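Colleague: Sharing protein_3.tsv below, TSV, C-alpha atoms and all ligand atoms:
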chain	number	residue	atom	x	y	z
A	23	MET	CA	0.00	0.00	0.00
A	24	ALA	CA	1.49	3.33	-1.09
A	25	ASP	CA	1.83	6.13	1.48
A	26	LEU	CA	0.70	9.45	0.02
A	27	ALA	CA	0.73	13.16	0.60
A	28	VAL	CA	-1.88	15.18	-1.29
A	29	ILE	CA	-1.69	18.94	-1.79
A	30	THR	CA	-4.36	21.06	-3.49
A	31	GLY	CA	-3.61	24.52	-4.85
A	32	ALA	CA	-0.08	23.25	-5.48
A	33	SER	CA	0.61	25.30	-8.62
A	34	SER	CA	1.49	28.52	-6.81
A	35	GLY	CA	1.95	30.40	-3.55
A	36	LEU	CA	1.38	28.54	-0.33
A	37	GLY	CA	0.78	25.21	-2.08
A	38	VAL	CA	4.28	25.25	-3.62
A	39	LYS	CA	5.78	25.99	-0.18
A	40	PHE	CA	3.72	23.18	1.33
A	41	LEU	CA	5.08	20.71	-1.21
A	42	GLU	CA	8.63	21.74	-0.28
A	43	SER	CA	7.94	21.40	3.46
A	44	VAL	CA	6.09	18.09	3.11
A	45	ILE	CA	8.94	16.57	1.11
A	46	HIS	CA	11.44	17.88	3.66
A	47	ARG	CA	9.54	16.49	6.66
A	48	TYR	CA	8.27	13.25	5.09
A	49	PRO	CA	10.91	12.21	2.52
A	50	GLN	CA	9.94	8.55	2.89
A	51	LEU	CA	6.45	8.85	1.36
A	52	ASP	CA	5.87	6.83	-1.83
A	53	GLU	CA	3.94	9.49	-3.76
A	54	TYR	CA	3.11	13.20	-3.56
A	55	TRP	CA	-0.08	14.11	-5.43
A	56	ILE	CA	-0.26	17.76	-6.45
A	57	ILE	CA	-3.58	19.16	-7.66
A	58	ALA	CA	-4.44	22.39	-9.54
A	59	ARG	CA	-5.67	23.56	-12.96
A	60	ARG	CA	-2.34	24.78	-14.38
A	61	LYS	CA	-0.81	21.53	-15.57
A	62	GLU	CA	2.46	23.01	-16.84
A	63	ARG	CA	3.19	24.47	-13.38
A	64	LEU	CA	2.58	21.09	-11.75
A	65	GLU	CA	4.80	19.35	-14.30
A	66	LYS	CA	7.61	21.84	-13.63
A	67	LEU	CA	7.39	21.02	-9.93
A	68	ALA	CA	7.55	17.30	-10.70
A	69	GLU	CA	10.69	18.01	-12.76
A	70	ALA	CA	12.22	19.95	-9.87
A	71	TYR	CA	11.89	16.96	-7.51
A	72	LYS	CA	13.08	14.22	-9.87
A	73	ASP	CA	14.12	11.88	-7.05
A	74	LYS	CA	10.54	11.81	-5.67
A	75	LYS	CA	7.39	10.41	-7.21
A	76	ILE	CA	5.40	13.59	-7.74
A	77	VAL	CA	2.03	12.95	-9.39
A	78	PRO	CA	0.58	16.05	-11.10
A	79	ILE	CA	-3.22	16.03	-11.29
A	80	GLU	CA	-4.74	18.69	-13.51
A	81	ALA	CA	-8.14	19.40	-12.01
A	82	ASP	CA	-10.71	22.12	-11.54
A	83	LEU	CA	-12.14	21.80	-8.04
A	84	GLY	CA	-15.31	23.48	-9.24
A	85	ASP	CA	-16.03	20.51	-11.52
A	86	GLU	CA	-18.34	18.20	-9.58
A	87	LYS	CA	-17.48	15.20	-11.80
A	88	LEU	CA	-13.88	15.42	-10.58
A	89	TYR	CA	-14.60	13.76	-7.25
A	90	ASP	CA	-15.93	10.53	-8.76
A	91	LYS	CA	-12.87	10.38	-11.00
A	92	ILE	CA	-10.50	10.75	-8.02
A	93	SER	CA	-12.54	8.20	-6.04
A	94	GLU	CA	-12.20	5.64	-8.86
A	95	ARG	CA	-8.44	6.18	-8.91
A	96	LEU	CA	-8.24	5.77	-5.13
A	97	GLU	CA	-10.47	2.69	-5.16
A	98	LYS	CA	-8.18	1.06	-7.71
A	99	ASN	CA	-4.92	1.75	-5.86
A	100	LYS	CA	-6.18	1.79	-2.23
A	101	PRO	CA	-3.37	4.04	-0.94
A	102	HIS	CA	-2.87	5.33	2.58
A	103	VAL	CA	-3.16	9.12	2.73
A	104	LYS	CA	-0.79	10.19	5.48
A	105	VAL	CA	-0.92	13.95	4.79
A	106	LEU	CA	-3.71	15.94	3.13
A	107	ILE	CA	-3.08	19.65	2.55
A	108	ASN	CA	-6.51	21.00	1.60
A	109	ASN	CA	-5.25	24.40	0.52
A	110	ALA	CA	-6.70	25.64	-2.80
A	111	GLY	CA	-8.63	28.87	-2.57
A	112	TYR	CA	-9.87	31.82	-4.55
A	113	VAL	CA	-10.41	35.45	-3.54
A	114	LYS	CA	-11.88	38.49	-5.19
A	115	SER	CA	-12.15	41.64	-3.10
A	116	GLY	CA	-14.42	44.61	-3.65
A	117	MET	CA	-17.95	45.79	-2.98
A	118	PHE	CA	-20.40	42.91	-3.26
A	119	SER	CA	-22.68	45.05	-5.43
A	120	ASP	CA	-19.84	45.55	-7.96
A	121	MET	CA	-18.76	41.91	-8.12
A	122	LYS	CA	-19.05	39.72	-11.16
A	123	GLN	CA	-21.25	36.65	-10.84
A	124	GLU	CA	-18.40	34.37	-11.97
A	125	ASP	CA	-16.12	35.59	-9.16
A	126	ILE	CA	-18.79	35.08	-6.52
A	127	LEU	CA	-19.52	31.57	-7.79
A	128	SER	CA	-15.80	30.69	-8.03
A	129	MET	CA	-15.21	31.63	-4.40
A	130	ILE	CA	-18.11	29.48	-3.27
A	131	SER	CA	-17.25	26.57	-5.53
A	132	VAL	CA	-13.50	26.40	-4.69
A	133	ASN	CA	-13.46	27.51	-1.05
A	134	VAL	CA	-16.64	25.78	0.08
A	135	LYS	CA	-17.63	22.97	-2.29
A	136	GLY	CA	-14.12	22.07	-3.45
A	137	MET	CA	-12.60	22.11	0.02
A	138	THR	CA	-15.45	19.98	1.40
A	139	MET	CA	-15.39	17.43	-1.43
A	140	ILE	CA	-11.59	17.04	-1.33
A	141	GLN	CA	-11.89	16.18	2.35
A	142	LYS	CA	-14.76	13.75	1.70
A	143	THR	CA	-12.96	12.05	-1.20
A	144	PHE	CA	-9.65	11.40	0.55
A	145	LEU	CA	-10.93	10.74	4.08
A	146	PRO	CA	-11.71	7.00	3.55
A	147	TYR	CA	-8.02	6.49	2.79
A	148	MET	CA	-6.77	8.22	5.94
A	149	GLY	CA	-6.14	6.31	9.15
A	150	LYS	CA	-4.57	6.46	12.60
A	151	GLY	CA	-1.78	9.06	12.55
A	152	SER	CA	-2.92	10.72	9.32
A	153	PHE	CA	-3.69	14.41	9.37
A	154	THR	CA	-5.11	17.16	7.23
A	155	VAL	CA	-4.19	20.84	7.15
A	156	ILE	CA	-7.04	22.98	5.85
A	157	THR	CA	-6.06	26.48	4.79
A	158	CYS	CA	-8.50	28.88	6.38
A	159	SER	CA	-7.69	32.57	7.03
A	160	VAL	CA	-7.77	35.34	9.61
A	161	SER	CA	-10.74	36.52	7.52
A	162	SER	CA	-12.73	33.80	9.31
A	163	PHE	CA	-12.37	35.51	12.73
A	164	ALA	CA	-14.81	38.35	11.96
A	165	PRO	CA	-16.84	39.47	8.92
A	166	VAL	CA	-14.70	41.51	6.49
A	167	PRO	CA	-16.44	44.22	4.45
A	168	CYS	CA	-15.23	44.24	0.82
A	169	GLN	CA	-14.33	40.57	1.28
A	170	THR	CA	-17.94	39.75	2.05
A	171	VAL	CA	-18.12	36.45	0.17
A	172	TYR	CA	-14.52	35.41	0.84
A	173	SER	CA	-14.72	35.94	4.62
A	174	ALA	CA	-18.04	34.06	4.69
A	175	THR	CA	-16.47	31.09	2.85
A	176	LYS	CA	-13.57	31.10	5.32
A	177	LYS	CA	-16.00	31.10	8.26
A	178	TYR	CA	-17.58	28.01	6.69
A	179	ILE	CA	-14.12	26.41	6.52
A	180	TYR	CA	-13.47	27.29	10.16
A	181	TYR	CA	-16.69	25.68	11.42
A	182	PHE	CA	-16.23	22.71	9.08
A	183	GLY	CA	-12.68	22.06	10.27
A	184	ARG	CA	-13.48	22.41	13.97
A	185	ALA	CA	-16.44	20.03	13.78
A	186	LEU	CA	-14.65	17.48	11.59
A	187	ARG	CA	-11.69	17.40	13.98
A	188	GLU	CA	-14.05	16.49	16.81
A	189	GLU	CA	-15.64	13.71	14.71
A	190	LEU	CA	-12.25	12.22	13.85
A	191	LEU	CA	-10.62	12.32	17.31
A	192	GLU	CA	-11.52	8.69	18.03
A	193	LYS	CA	-9.95	7.57	14.77
A	194	GLU	CA	-6.78	9.50	15.71
A	195	ILE	CA	-6.90	11.50	12.49
A	196	ASN	CA	-6.14	15.16	13.13
A	197	VAL	CA	-7.56	18.24	11.40
A	198	LEU	CA	-5.54	21.45	11.70
A	199	LEU	CA	-7.02	24.76	10.57
A	200	LEU	CA	-4.27	27.02	9.34
A	201	CYS	CA	-5.42	30.65	9.70
A	202	PRO	CA	-2.83	32.91	8.07
A	203	GLY	CA	-2.89	36.66	7.45
A	204	ASN	CA	-1.07	38.32	4.55
A	205	MET	CA	1.21	36.12	2.43
A	206	ASP	CA	2.99	37.35	-0.69
A	207	THR	CA	1.33	35.17	-3.37
A	208	GLU	CA	-0.48	35.65	-6.69
A	209	MET	CA	-3.66	36.09	-4.70
A	210	ASN	CA	-2.25	38.89	-2.55
A	211	PRO	CA	1.02	40.32	-3.92
A	212	LYS	CA	2.98	42.52	-1.53
A	213	GLY	CA	2.72	46.23	-2.36
A	214	GLN	CA	-0.56	45.84	-4.28
A	215	GLN	CA	-2.23	49.23	-4.83
A	216	ARG	CA	-5.79	50.42	-5.30
A	217	GLN	CA	-6.34	53.98	-6.55
A	218	GLY	CA	-2.68	54.80	-5.79
A	219	ARG	CA	-2.95	53.50	-2.19
A	220	LYS	CA	-1.15	50.44	-0.82
A	221	ILE	CA	-3.89	48.07	0.30
A	222	ASN	CA	-2.27	45.16	2.12
A	223	ARG	CA	-0.59	47.09	4.91
A	224	LEU	CA	-0.68	44.44	7.62
A	225	PRO	CA	2.42	42.24	8.26
A	226	PHE	CA	3.41	39.58	5.70
A	227	LEU	CA	4.20	36.07	6.89
A	228	ASP	CA	7.16	33.85	6.02
A	229	MET	CA	5.65	30.86	4.19
A	230	ASP	CA	8.73	28.62	4.66
A	231	ILE	CA	8.42	28.95	8.43
A	232	LEU	CA	4.64	28.70	8.63
A	233	THR	CA	4.31	25.60	6.44
A	234	ALA	CA	6.99	23.78	8.47
A	235	LYS	CA	5.28	24.77	11.73
A	236	ALA	CA	1.82	23.85	10.42
A	237	LEU	CA	3.02	20.29	9.68
A	238	GLU	CA	4.64	20.01	13.11
A	239	LYS	CA	1.49	21.23	14.87
A	240	ALA	CA	-0.84	19.06	12.78
A	241	GLU	CA	1.28	16.01	13.60
A	242	LYS	CA	1.11	16.88	17.31
A	243	GLY	CA	-2.70	17.03	17.18
A	244	LYS	CA	-3.27	20.79	17.39
A	245	GLY	CA	-6.59	22.13	16.05
A	246	VAL	CA	-5.87	25.73	14.98
A	247	TYR	CA	-2.68	27.52	14.02
A	248	THR	CA	-2.57	31.28	13.50
A	249	PRO	CA	0.98	32.24	12.46
A	250	GLY	CA	2.55	35.56	13.52
A	251	THR	CA	2.22	37.62	16.71
A	252	PHE	CA	0.09	40.32	15.09
A	253	TYR	CA	-2.50	37.83	13.79
A	254	LYS	CA	-2.48	35.82	17.05
A	255	PHE	CA	-3.33	39.09	18.80
A	256	TYR	CA	-6.12	39.74	16.26
A	257	ARG	CA	-7.54	36.28	16.96
A	258	VAL	CA	-7.72	37.06	20.70
A	259	VAL	CA	-9.18	40.52	20.02
A	260	SER	CA	-11.83	39.00	17.73
A	261	ARG	CA	-13.07	36.90	20.62
A	262	ILE	CA	-13.32	39.82	23.00
A	263	PHE	CA	-14.52	42.78	20.92
A	264	PRO	CA	-17.89	42.98	19.14
A	265	SER	CA	-17.70	42.13	15.43
A	266	LEU	CA	-19.27	45.51	14.53
A	267	TRP	CA	-16.22	47.32	15.96
A	268	LEU	CA	-13.85	44.88	14.19
A	269	MET	CA	-15.63	45.40	10.86
A	270	LYS	CA	-15.37	49.17	11.12
A	271	THR	CA	-11.63	48.84	11.89
A	272	ALA	CA	-11.08	46.31	9.07
A	273	LYS	CA	-12.76	48.70	6.61
A	274	LYS	CA	-9.97	51.24	7.24
A	275	PHE	CA	-7.40	48.74	5.95
A	276	TYR	CA	-9.25	48.11	2.72
A	301	LIG	N1	-2.20	35.02	0.23
A	301	LIG	C1	-2.81	35.42	1.34
A	301	LIG	O1	-2.58	36.56	1.84
A	301	LIG	C2	-3.74	34.49	2.07
A	301	LIG	C3	-4.15	34.81	3.36
A	301	LIG	C4	-4.98	33.94	4.06
A	301	LIG	C5	-5.37	32.75	3.48
A	301	LIG	N2	-4.96	32.45	2.21
A	301	LIG	C6	-5.38	31.16	1.65
A	301	LIG	O2	-4.24	30.42	1.26
A	301	LIG	C7	-4.61	29.45	0.28
A	301	LIG	C8	-3.58	29.46	-0.85
A	301	LIG	O3	-3.65	30.70	-1.53
A	301	LIG	P1	-2.35	31.47	-2.05
A	301	LIG	O4	-2.20	32.68	-1.23
A	301	LIG	O5	-1.22	30.52	-2.17
A	301	LIG	O6	-2.87	31.97	-3.48
A	301	LIG	P2	-2.48	31.54	-4.97
A	301	LIG	O7	-1.03	31.68	-5.17
A	301	LIG	O8	-3.41	32.32	-5.82
A	301	LIG	O9	-2.84	29.99	-5.01
A	301	LIG	C9	-4.16	29.51	-5.12
A	301	LIG	C10	-4.07	28.05	-5.55
A	301	LIG	O10	-5.41	27.53	-5.62
A	301	LIG	C11	-5.57	26.90	-6.89
A	301	LIG	N3	-6.93	27.03	-7.38
A	301	LIG	C12	-7.68	28.15	-7.50
A	301	LIG	N4	-8.84	27.88	-8.09
A	301	LIG	C13	-8.84	26.54	-8.37
A	301	LIG	C14	-9.77	25.67	-8.99
A	301	LIG	N5	-10.95	26.09	-9.46
A	301	LIG	N6	-9.44	24.36	-9.12
A	301	LIG	C15	-8.24	23.91	-8.67
A	301	LIG	N7	-7.33	24.68	-8.06
A	301	LIG	C16	-7.62	25.99	-7.92
A	301	LIG	C17	-4.61	27.64	-7.83
A	301	LIG	O11	-4.21	26.79	-8.90
A	301	LIG	P3	-4.66	26.95	-10.44
A	301	LIG	O12	-4.94	28.40	-10.69
A	301	LIG	O13	-3.50	26.41	-11.19
A	301	LIG	O14	-5.87	26.09	-10.54
A	301	LIG	C18	-3.42	27.89	-6.91
A	301	LIG	O15	-2.57	26.79	-6.89
A	301	LIG	C19	-6.04	29.83	-0.14
A	301	LIG	O16	-6.95	28.96	0.48
A	301	LIG	C20	-6.21	31.24	0.38
A	301	LIG	O17	-7.57	31.57	0.62
A	301	LIG	C21	-4.15	33.28	1.48
As structure tokens, what does this structure read like?
Ligand SMILES: NC(=O)c1ccc[n+]([C@@H]2O[C@H](COP(=O)([O-])OP(=O)(O)OC[C@H]3O[C@@H](n4cnc5c(N)ncnc54)[C@H](OP(=O)(O)O)[C@@H]3O)[C@@H](O)[C@H]2O)c1
Modeller:
Amino acid sequence: MADLAVITGASSGLGVKFLESVIHRYPQLDEYWIIARRKERLEKLAEAYKDKKIVPIEADLGDEKLYDKISERLEKNKPHVKVLINNAGYVKSGMFSDMKQEDILSMISVNVKGMTMIQKTFLPYMGKGSFTVITCSVSSFAPVPCQTVYSATKKYIYYFGRALREELLEKEINVLLLCPGNMDTEMNPKGQQRQGRKINRLPFLDMDILTAKALEKAEKGKGVYTPGTFYKFYRVVSRIFPSLWLMKTAKKFY
């Protein structure tokens, strides 16, 4: 039985860093499945780690037929999924009234439906000692105006991950919710401007450090990891202060 790691959203940003950290921490795994739409990016990554069996899977998580196809593949090979990094996500910021329908639907279909169905599809192949890291966000701690849909999808992820972790405790499968703030990726490039004003002014996180720590914490059975002192502080504040006050403050950073 092959031991696997699976990483979604592996074609850029945090997913690429996760692949690096997973290979570093678990070099003995038989296969590393990397999932995203941009096939050429996945193939380049497979080239870069020639000594490992990297399996690129070109897939759109919004395509509901995908999950049956993955299930058939799993059923045939019956692997053991040791590590599942459920990371793919999509964001579009701006006033809800100005948003395009396709962006709204993409956020719901990748962040909510895709994340849920990836977990459902791989779970039967996880066992004692396996774990999943689900990429959530600090946007799940309080509603974020101008990220109205995105923050709502991340709240869904937060509740989903917390409840699933509780369900899986007896099976000794851990679920870690990773709740990062700003990271310099395609989704949120450092120094991005809107109308001549820098928009992402809060601290940026080091993805090498946070992916390594996320794996360590997931392995140890932790449930939530918020990297960085500033964002840890925000998490505490979000539990104490009313969300109306937090929303008004968050609006100033938009
Ligand atoms: N960057 C930040 O500041 C930040 C902060 C908090 C949380 N996050 C979360 O971190 C996670 C990773 O994002 P990132 O920052 O690394 O952004 P990114 O560089 O834009 O990466 C997003 C990844 O998701 C994949 N993806 C998007 N739509 C997909 C679809 N329909 N089907 C399959 N794969 C899809 C993309 O691959 P393809 O385009 O090749 O399909 C890409 O690999 C997300 O869940 C995001 O919400 C990011």
Colleague: Can you work out the spacing between CA of Arg261 (chain A) and CA of Tyr247 (chain A) in Å, to one decimal?
Modeller: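 Spanning CA of Arg261 (chain A) to CA of Tyr247 (chain A) is a straight-line distance of 15.5 Å.
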Colleague: Which protein, DNA or RNA residues have an atom within 6 Å of ligand LIG 301 (chain A), counting all atoms listed in the file, as JSON, numbers by chain?
Modeller: {"A": [31, 32, 33, 34, 35, 36, 37, 58, 59, 60, 81, 82, 83, 84, 109, 110, 111, 112, 132, 157, 158, 159, 202, 203, 204, 205, 206, 207, 208, 209, 210]}
Colleague: Please list as an MDAnalysis selection string every residue within 8 Å of Arg257 (chain A), counting all atoms listed in the file and excluding residues in the same chain fewer than 3 positions away.
Modeller: chainID A and resid 160 163 248 253:254 260:261
Colleague: Which polymer residues have any atom within 7 Å of an atom of region 27-29 of chain A, counting only C-alpha atoms, with same-chain residues fewer than 4 positions away left out, as a list in words?
Modeller: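 So the residues in contact are Gly37, Glu53, Tyr54, Trp55, Ile56, Ile57, Val103, Lys104, Val105, Leu106, Ile107, Asn108 and Asn109 of chain A.
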Colleague: Compile the contact shell of Cys168 (chain A) as a ChimeraX atom specification: residues with an atom at most 9 Å away, counting all atoms listed in the file, same-chain residues fewer than 5 positions apart removed.
Modeller: /A:114-118,273,276
Colleague: Can you measure CA of Pro249 (chain A) to CA of Arg223 (chain A) for me? One decimal in Å is fine.
Modeller: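 Computing the Euclidean distance for CA of Pro249 (chain A) and CA of Arg223 (chain A) yields 16.7 Å.
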Colleague: I'd like the interatomic distance between CA of Gln50 (chain A) and CA of Ala68 (chain A), to a tenth of an Å.
Modeller: 16.3 Å
Colleague: Tell me which of A:Asp230, A:Glu86, A:Glu194, A:Glu65 sits closest to Glu42 (chain A), counting all atoms listed in the file.
Modeller: A:Asp230
Colleague: If we draw a sphere of 9 Å around (1.3, 3.8, 3.7), which residues have at least one atom in it when counting all atoms listed in the file? Please report them as a PyMOL selection string.
Modeller: chain A and resi 23-26+51-52+101-104
Colleague: Considering all atoms listed in the file, state which residue in the set A:Arg63, A:Lys244, A:Lys274, A:Lys87 is at the smallest distance from Arg184 (chain A).
Modeller: A:Lys244
Colleague: Give me the residues within 12 Å of Ile262 (chain A) as a list in words, counting all atoms listed in the file and dropping any in the same chain fewer than 6 places off.
Modeller: Phe163, Ala164, Phe255, Tyr256 and Leu268 of chain A
Colleague: Here is a test: counting only C-alpha atoms, which residue of A:Val44, A:Met269, A:Ala240, A:Leu199 is nearest to Lys74 (chain A)?
Modeller: A:Val44
Colleague: Keeping C-alpha atoms, write region 214-262 of chain A of the structure just shown out as a JSON list (two decimals), in the first residue's frame.
Modeller:
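In the end it all went to selection17.json:
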[["chain", "number", "residue", "atom", "x", "y", "z"],
["A", 214, "GLN", "CA", -0.56, 45.84, -4.28],
["A", 215, "GLN", "CA", -2.23, 49.23, -4.83],
["A", 216, "ARG", "CA", -5.79, 50.42, -5.30],
["A", 217, "GLN", "CA", -6.34, 53.98, -6.55],
["A", 218, "GLY", "CA", -2.68, 54.80, -5.79],
["A", 219, "ARG", "CA", -2.95, 53.50, -2.19],
["A", 220, "LYS", "CA", -1.15, 50.44, -0.82],
["A", 221, "ILE", "CA", -3.89, 48.07, 0.30],
["A", 222, "ASN", "CA", -2.27, 45.16, 2.12],
["A", 223, "ARG", "CA", -0.59, 47.09, 4.91],
["A", 224, "LEU", "CA", -0.68, 44.44, 7.62],
["A", 225, "PRO", "CA", 2.42, 42.24, 8.26],
["A", 226, "PHE", "CA", 3.41, 39.58, 5.70],
["A", 227, "LEU", "CA", 4.20, 36.07, 6.89],
["A", 228, "ASP", "CA", 7.16, 33.85, 6.02],
["A", 229, "MET", "CA", 5.65, 30.86, 4.19],
["A", 230, "ASP", "CA", 8.73, 28.62, 4.66],
["A", 231, "ILE", "CA", 8.42, 28.95, 8.43],
["A", 232, "LEU", "CA", 4.64, 28.70, 8.63],
["A", 233, "THR", "CA", 4.31, 25.60, 6.44],
["A", 234, "ALA", "CA", 6.99, 23.78, 8.47],
["A", 235, "LYS", "CA", 5.28, 24.77, 11.73],
["A", 236, "ALA", "CA", 1.82, 23.85, 10.42],
["A", 237, "LEU", "CA", 3.02, 20.29, 9.68],
["A", 238, "GLU", "CA", 4.64, 20.01, 13.11],
["A", 239, "LYS", "CA", 1.49, 21.23, 14.87],
["A", 240, "ALA", "CA", -0.84, 19.06, 12.78],
["A", 241, "GLU", "CA", 1.28, 16.01, 13.60],
["A", 242, "LYS", "CA", 1.11, 16.88, 17.31],
["A", 243, "GLY", "CA", -2.70, 17.03, 17.18],
["A", 244, "LYS", "CA", -3.27, 20.79, 17.39],
["A", 245, "GLY", "CA", -6.59, 22.13, 16.05],
["A", 246, "VAL", "CA", -5.87, 25.73, 14.98],
["A", 247, "TYR", "CA", -2.68, 27.52, 14.02],
["A", 248, "THR", "CA", -2.57, 31.28, 13.50],
["A", 249, "PRO", "CA", 0.98, 32.24, 12.46],
["A", 250, "GLY", "CA", 2.55, 35.56, 13.52],
["A", 251, "THR", "CA", 2.22, 37.62, 16.71],
["A", 252, "PHE", "CA", 0.09, 40.32, 15.09],
["A", 253, "TYR", "CA", -2.50, 37.83, 13.79],
["A", 254, "LYS", "CA", -2.48, 35.82, 17.05],
["A", 255, "PHE", "CA", -3.33, 39.09, 18.80],
["A", 256, "TYR", "CA", -6.12, 39.74, 16.26],
["A", 257, "ARG", "CA", -7.54, 36.28, 16.96],
["A", 258, "VAL", "CA", -7.72, 37.06, 20.70],
["A", 259, "VAL", "CA", -9.18, 40.52, 20.02],
["A", 260, "SER", "CA", -11.83, 39.00, 17.73],
["A", 261, "ARG", "CA", -13.07, 36.90, 20.62],
["A", 262, "ILE", "CA", -13.32, 39.82, 23.00]]
